[in-house]
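Each remark here refers to the structure printed beneath this line.
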Amino acid sequence: MITLLTRRLLQAIPVLLGISIITFFLIYYLPADPARLYAGPSATVETVDRIRHELGLDLPFWEQYLRYMQRVLSGDLGFSYRKQIPVTDLLLSRIPYTLALIFGGIFVELLIGLPVGLASAVARGQWMDRVGMFIALVGVSAPPFWLGLLLLYWFGYLIPIFPLGGAGSLAHLVLPSVTAGLGGAAWYARMMRSSTLDILSADYIRTARAKGLRSILVILRHVLPNALNPIITMAGLDIPWFIGGIVLVERVFNWPGVGRLAVEAIETVDVPLILGTVIFTALVVVVSGILIDLAQGYADPRIRQGRQS
Amino acid sequence: MTLRSSKSKMKLDPQRKLITELSVEEAAAQSEALSLSEQSGYLAMAWRRLRRDRTAMFGGVLVILIVLVAILAPTLSPHDPVEQFRDGLTSGGQPVPSTLFTDSDLNFPLGTDANGRDLLSRILYGARISLVVGVLANLLAVAIGTFVGSVAAYFGGWVETILMRFTDMMMAFPTLLLAMTLVAILKPSIWIIILVIGAVYWTWIARVIYGQVLALRDRDFVTATRALGAGRLFTLFHHILPQLLPTIIVWGTLGIATNVMLEASLSYLGIGVQPPTPSWGGMIHQGQSFYRAAPWLVIFPGLAIMLTVFAFNLFGDGLRDALDPSQRGRG
């Protein structure tokens, strides 16, 4: 397990470095002039030049990148051009909200997705399976921001159970979590169904049934743990999309998270803030990937041993 | 790595036997005849399976209908999608709701938007943007993904390492955030959006194709082709890639669904196709500030997105079942 963890951590370093280089490269060739934006519209050419020099924006690409990375490694992500606040402080104030939304969304995904998929597989071909899978396919096809606005309209405005956006209490978290999780729930239901169907036809399930084990016990003890393995792998593929979805959900509900910060940063060409938010989200994706690999190793001893040898 | 090379060595022996037993021309002729008859029989069978699959056919019909709507938008639309009508707003300056069930002489079947434009016409025209972006971006993604995935798997070695590490890195980028940054830098226009979506979506296809080529490259027909003196690129493009056609077709359909959704998401964030050109995501972007007073501004464009994505998903799923019967048992 330790070997697996170290290997994955070492593999993560080039990925993160690569992402920071690509993002830096993209911003380096940004047609907008960050120094002009920083100085404001009324600044003279001399002021803009001076600011460009002070920010190091007149240096060649590699020098700018190395200087930036040197500071990043000591925990300094620079100052936001727009807000004149350290990017690290801005991120730290937003991260708890985004993490809450991520966990809320995953909770909804698994809570709805897995039981529906399992039930669909067990009742294969019956009306429950057909209806469940039809709804799942519709759920996969519905844009999350649209679902969010509909939920806001129904459960925030027509029947005012939940607040109309913003953050602050647990009630604020409900609609955004449901929005973030519904699409994924539909996806996991489909995956869970096919994964369960594969297991149901296995010999050891027939054996368990033949020796007279109750149906519910067969499913809980023999089918469920094995069906979950491929689902853990699937979760790894889902993460980048899920995080992308979070950006949309934060926009719909005016949720003060990192995603909204990223959108604002991109809209106002706030270079240090763009870099900070992109590197943070990439970090979340990479760390989730590692956690998923560990979970997989934990759930399936074959993987753990195969990777160590 | 070591595992793979030892496997290919083991497979070489029966291979040599096969080629020495038959003459080279005989072997080639046989394999060609076999693959030809197999192919046509296979496609005919796939088509039969597809026709029997009622949900897939329903999806196919929906896809055709949506394409027809996009093409015939000028004939079907009651109004010009960008014309702002003076009676398109109520006396209070609010959007007009559907006039279908009212006595008024106005003709706005789905109501108007905040600028007094006919919503139905805008949705019909919006199909054009969604389909053009969805289809072209996906063609690009499939082309890049197939190229990267197959070259990496077939050539192996450092080519494989570089290409697949790069693919992994691109996959760790949150897709939407990467697309947003790119579009913001390059200034949104329909061509830029097509390029950007293609440039972020290819990684998935590359992964799938990579796995398939890896499984094919040590097969007998590849060794036979190489033994006959065919070059590596020739073998890859003329003998391996045709085998991947089912996968490419399936992803060519399912990917459109994802790309339509990506385009709508970008437009919803205000960095997609710019107004006044009607795009479904952009219409929701503009309509969301009125969602309490005029919910139809959000509901109808969203339904259009959902229906389109649903149609391509349904048809793509059916294609996969039909083209790859090994997956059939799950359906």
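Chain labels run A, B, ... following the order of the structure tokens; each chain numbers its residues from 1, and ligands are numbered from 1 in the order shown.
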(request) Do me a favour and pick out the residues of chain B within 7 Å of chain A, using only C-alpha atoms, as number ranges by chain. (result) B: 169, 172-177, 181, 184-185, 261, 292, 302, 306, 309-310, 330
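Rounded to one decimal, CA of Tyr154 in chain B and CA of Ala230 in chain B lie 14.3 Å from each other.
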(message) Report as an MDAnalysis selection string all protein, DNA and RNA residues lying within 7 Å of Gly272 in chain B, evaluated on only C-alpha atoms, omitting residues in the same chain fewer than 4 positions from it.
(response) chainID B and resid 188 193 263 266:267
Mind writing the picked residues with N, CA and C atoms as a PDB file, in the first residue's frame?
```pdb
ATOM      1  N   PRO B 188     -14.138  34.372 -28.049  1.00  0.00           N
ATOM      2  CA  PRO B 188     -15.143  33.426 -28.508  1.00  0.00           C
ATOM      3  C   PRO B 188     -15.654  33.697 -29.925  1.00  0.00           C
ATOM      4  N   ILE B 193     -14.614  27.917 -30.722  1.00  0.00           N
ATOM      5  CA  ILE B 193     -15.273  26.990 -29.805  1.00  0.00           C
ATOM      6  C   ILE B 193     -15.173  25.551 -30.312  1.00  0.00           C
ATOM      7  N   GLU B 263     -20.685  22.787 -25.359  1.00  0.00           N
ATOM      8  CA  GLU B 263     -20.968  24.066 -26.027  1.00  0.00           C
ATOM      9  C   GLU B 263     -22.012  24.831 -25.235  1.00  0.00           C
ATOM     10  N   LEU B 266     -20.451  26.293 -22.042  1.00  0.00           N
ATOM     11  CA  LEU B 266     -19.636  27.482 -22.319  1.00  0.00           C
ATOM     12  C   LEU B 266     -20.536  28.680 -22.603  1.00  0.00           C
ATOM     13  N   SER B 267     -21.564  28.457 -23.431  1.00  0.00           N
ATOM     14  CA  SER B 267     -22.464  29.566 -23.763  1.00  0.00           C
ATOM     15  C   SER B 267     -23.198  30.038 -22.515  1.00  0.00           C
TER      16      SER B 267
END
```
Tyr210 in chain B environment, 7 Å, only C-alpha atoms, sequence neighbours closer than 6 positions dropped, as a JSON list (two decimals) with N, CA and C atoms, in the first residue's frame:
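Wrote it out as out.json, contents follow:
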```
[["chain", "number", "residue", "atom", "x", "y", "z"],
["B", 149, "GLY", "N", -3.91, 7.88, -30.09],
["B", 149, "GLY", "CA", -4.07, 6.59, -29.44],
["B", 149, "GLY", "C", -3.46, 5.46, -30.25],
["B", 150, "SER", "N", -3.72, 5.45, -31.58],
["B", 150, "SER", "CA", -3.24, 4.33, -32.38],
["B", 150, "SER", "C", -1.73, 4.41, -32.58],
["B", 152, "ALA", "N", 0.46, 5.79, -30.58],
["B", 152, "ALA", "CA", 1.10, 5.46, -29.30],
["B", 152, "ALA", "C", 1.13, 3.95, -29.08],
["B", 153, "ALA", "N", 0.00, 3.30, -29.32],
["B", 153, "ALA", "CA", -0.08, 1.87, -29.04],
["B", 153, "ALA", "C", 0.73, 1.07, -30.05]]
```
(request) For Leu273 in chain A, please output as a PyMOL selection string all residues within 6 Å (counting only C-alpha atoms; exclusion window: fewer than 3 positions along the same chain). (result) chain A and resi 80+87+265+270+276
(request) Report the distance between CA of Glu83 in chain B and CA of Gly282 in chain B in Å, rounded to one decimal place. (result) 16.7 Å
(message) Applying 9 Å and only C-alpha atoms, which residues near Val142 in chain B remain after dropping the ones on its own chain fewer than 2 positions away? List them as a ChimeraX atom specification.
(response) /B:137-140,144-147,198,201-202,205-206,248,251-252,255
Keeping C-alpha atoms, export the residues of the selection given above as a PDB file, in the first residue's frame.
```
ATOM      1  CA  ALA B 137     -15.774  19.443 -32.666  1.00  0.00           C
ATOM      2  CA  ASN B 138     -16.353  15.725 -32.378  1.00  0.00           C
ATOM      3  CA  LEU B 139     -14.878  15.009 -35.815  1.00  0.00           C
ATOM      4  CA  LEU B 140     -11.786  16.882 -34.677  1.00  0.00           C
ATOM      5  CA  ILE B 144      -6.854  13.626 -32.918  1.00  0.00           C
ATOM      6  CA  GLY B 145      -7.793  10.885 -30.458  1.00  0.00           C
ATOM      7  CA  THR B 146      -7.583   8.099 -33.055  1.00  0.00           C
ATOM      8  CA  PHE B 147      -4.249   9.362 -34.334  1.00  0.00           C
ATOM      9  CA  GLY B 198     -12.132  19.245 -30.004  1.00  0.00           C
ATOM     10  CA  TYR B 201     -12.269  16.142 -25.677  1.00  0.00           C
ATOM     11  CA  TRP B 202      -9.858  13.995 -27.743  1.00  0.00           C
ATOM     12  CA  ILE B 205     -11.061   8.773 -27.540  1.00  0.00           C
ATOM     13  CA  ALA B 206      -7.266   8.432 -27.470  1.00  0.00           C
ATOM     14  CA  ILE B 248     -14.908   5.182 -34.074  1.00  0.00           C
ATOM     15  CA  TRP B 251     -17.656   7.493 -30.251  1.00  0.00           C
ATOM     16  CA  GLY B 252     -18.437   9.633 -33.267  1.00  0.00           C
ATOM     17  CA  GLY B 255     -19.194  12.242 -28.400  1.00  0.00           C
TER      18      GLY B 255
END
```
Need to verify the contact set: Asn107 in chain B, 12 Å, only C-alpha atoms, exclusion of same-chain residues closer than 5 positions in sequence. Can you return it as an mmCIF file with N, CA and C atoms, in the first residue's frame?
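Below you can see part.cif, which holds the result:
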```cif
data_model
loop_
_atom_site.group_PDB
_atom_site.id
_atom_site.type_symbol
_atom_site.label_atom_id
_atom_site.label_comp_id
_atom_site.auth_asym_id
_atom_site.auth_seq_id
_atom_site.Cartn_x
_atom_site.Cartn_y
_atom_site.Cartn_z
ATOM 1 N N SER B 77 -39.384 28.610 -38.838
ATOM 2 C CA SER B 77 -39.505 29.677 -37.854
ATOM 3 C C SER B 77 -40.595 30.656 -38.240
ATOM 4 N N PRO B 78 -41.432 31.041 -37.270
ATOM 5 C CA PRO B 78 -42.447 32.040 -37.558
ATOM 6 C C PRO B 78 -41.837 33.433 -37.764
ATOM 7 N N HIS B 79 -40.684 33.694 -37.160
ATOM 8 C CA HIS B 79 -40.095 35.040 -37.234
ATOM 9 C C HIS B 79 -38.598 34.972 -37.480
ATOM 10 N N PHE B 85 -39.306 42.653 -31.557
ATOM 11 C CA PHE B 85 -40.653 43.133 -31.877
ATOM 12 C C PHE B 85 -41.099 44.193 -30.881
ATOM 13 N N ASP B 87 -44.192 44.793 -30.127
ATOM 14 C CA ASP B 87 -45.196 44.175 -29.248
ATOM 15 C C ASP B 87 -44.690 42.863 -28.652
ATOM 16 N N GLY B 88 -43.361 42.663 -28.708
ATOM 17 C CA GLY B 88 -42.761 41.466 -28.112
ATOM 18 C C GLY B 88 -42.520 41.633 -26.625
ATOM 19 N N VAL B 96 -43.192 38.452 -23.183
ATOM 20 C CA VAL B 96 -44.570 37.999 -23.376
ATOM 21 C C VAL B 96 -44.616 36.479 -23.265
ATOM 22 N N PRO B 97 -45.549 35.913 -22.453
ATOM 23 C CA PRO B 97 -45.666 34.452 -22.404
ATOM 24 C C PRO B 97 -46.293 33.899 -23.674
ATOM 25 N N SER B 98 -46.332 32.566 -23.791
ATOM 26 C CA SER B 98 -46.870 31.923 -24.988
ATOM 27 C C SER B 98 -48.213 32.516 -25.392
ATOM 28 N N THR B 99 -48.372 32.778 -26.678
ATOM 29 C CA THR B 99 -49.631 33.356 -27.159
ATOM 30 C C THR B 99 -50.509 32.275 -27.784
ATOM 31 N N LEU B 100 -50.131 31.010 -27.620
ATOM 32 C CA LEU B 100 -50.870 29.922 -28.261
ATOM 33 C C LEU B 100 -52.312 29.853 -27.773
ATOM 34 N N PHE B 101 -52.488 30.019 -26.466
ATOM 35 C CA PHE B 101 -53.829 29.809 -25.904
ATOM 36 C C PHE B 101 -54.498 31.112 -25.509
ATOM 37 N N THR B 102 -54.065 32.209 -26.091
ATOM 38 C CA THR B 102 -54.704 33.496 -25.808
ATOM 39 C C THR B 102 -55.391 33.990 -27.076
ATOM 40 N N THR B 112 -41.841 35.394 -25.793
ATOM 41 C CA THR B 112 -40.687 36.158 -26.263
ATOM 42 C C THR B 112 -39.628 36.211 -25.165
ATOM 43 N N ARG B 117 -37.769 39.205 -28.576
ATOM 44 C CA ARG B 117 -37.557 38.356 -29.749
ATOM 45 C C ARG B 117 -38.350 37.063 -29.587
ATOM 46 N N ASP B 118 -38.757 36.442 -30.728
ATOM 47 C CA ASP B 118 -39.580 35.236 -30.668
ATOM 48 C C ASP B 118 -38.741 34.042 -30.206
ATOM 49 N N LEU B 119 -39.147 33.432 -29.080
ATOM 50 C CA LEU B 119 -38.339 32.361 -28.475
ATOM 51 C C LEU B 119 -38.285 31.119 -29.370
ATOM 52 N N LEU B 120 -39.447 30.750 -29.978
ATOM 53 C CA LEU B 120 -39.476 29.545 -30.809
ATOM 54 C C LEU B 120 -38.485 29.667 -31.962
ATOM 55 N N SER B 121 -38.492 30.806 -32.639
ATOM 56 C CA SER B 121 -37.580 30.979 -33.771
ATOM 57 C C SER B 121 -36.134 30.864 -33.311
#
```
(message) Taking only range 40-271 of chain B into account, list the residues labelled alpha helix (DSSP H) by DSSP (computed from the backbone), as a PyMOL selection string.
(response) chain B and resi 40-52+54-76+119-155+157-172+175-186+190-216+220-227+232-235+245-268
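With CA of Leu233 in chain B on one side and CA of Met164 in chain B on the other, the separation reads 18.9 Å.
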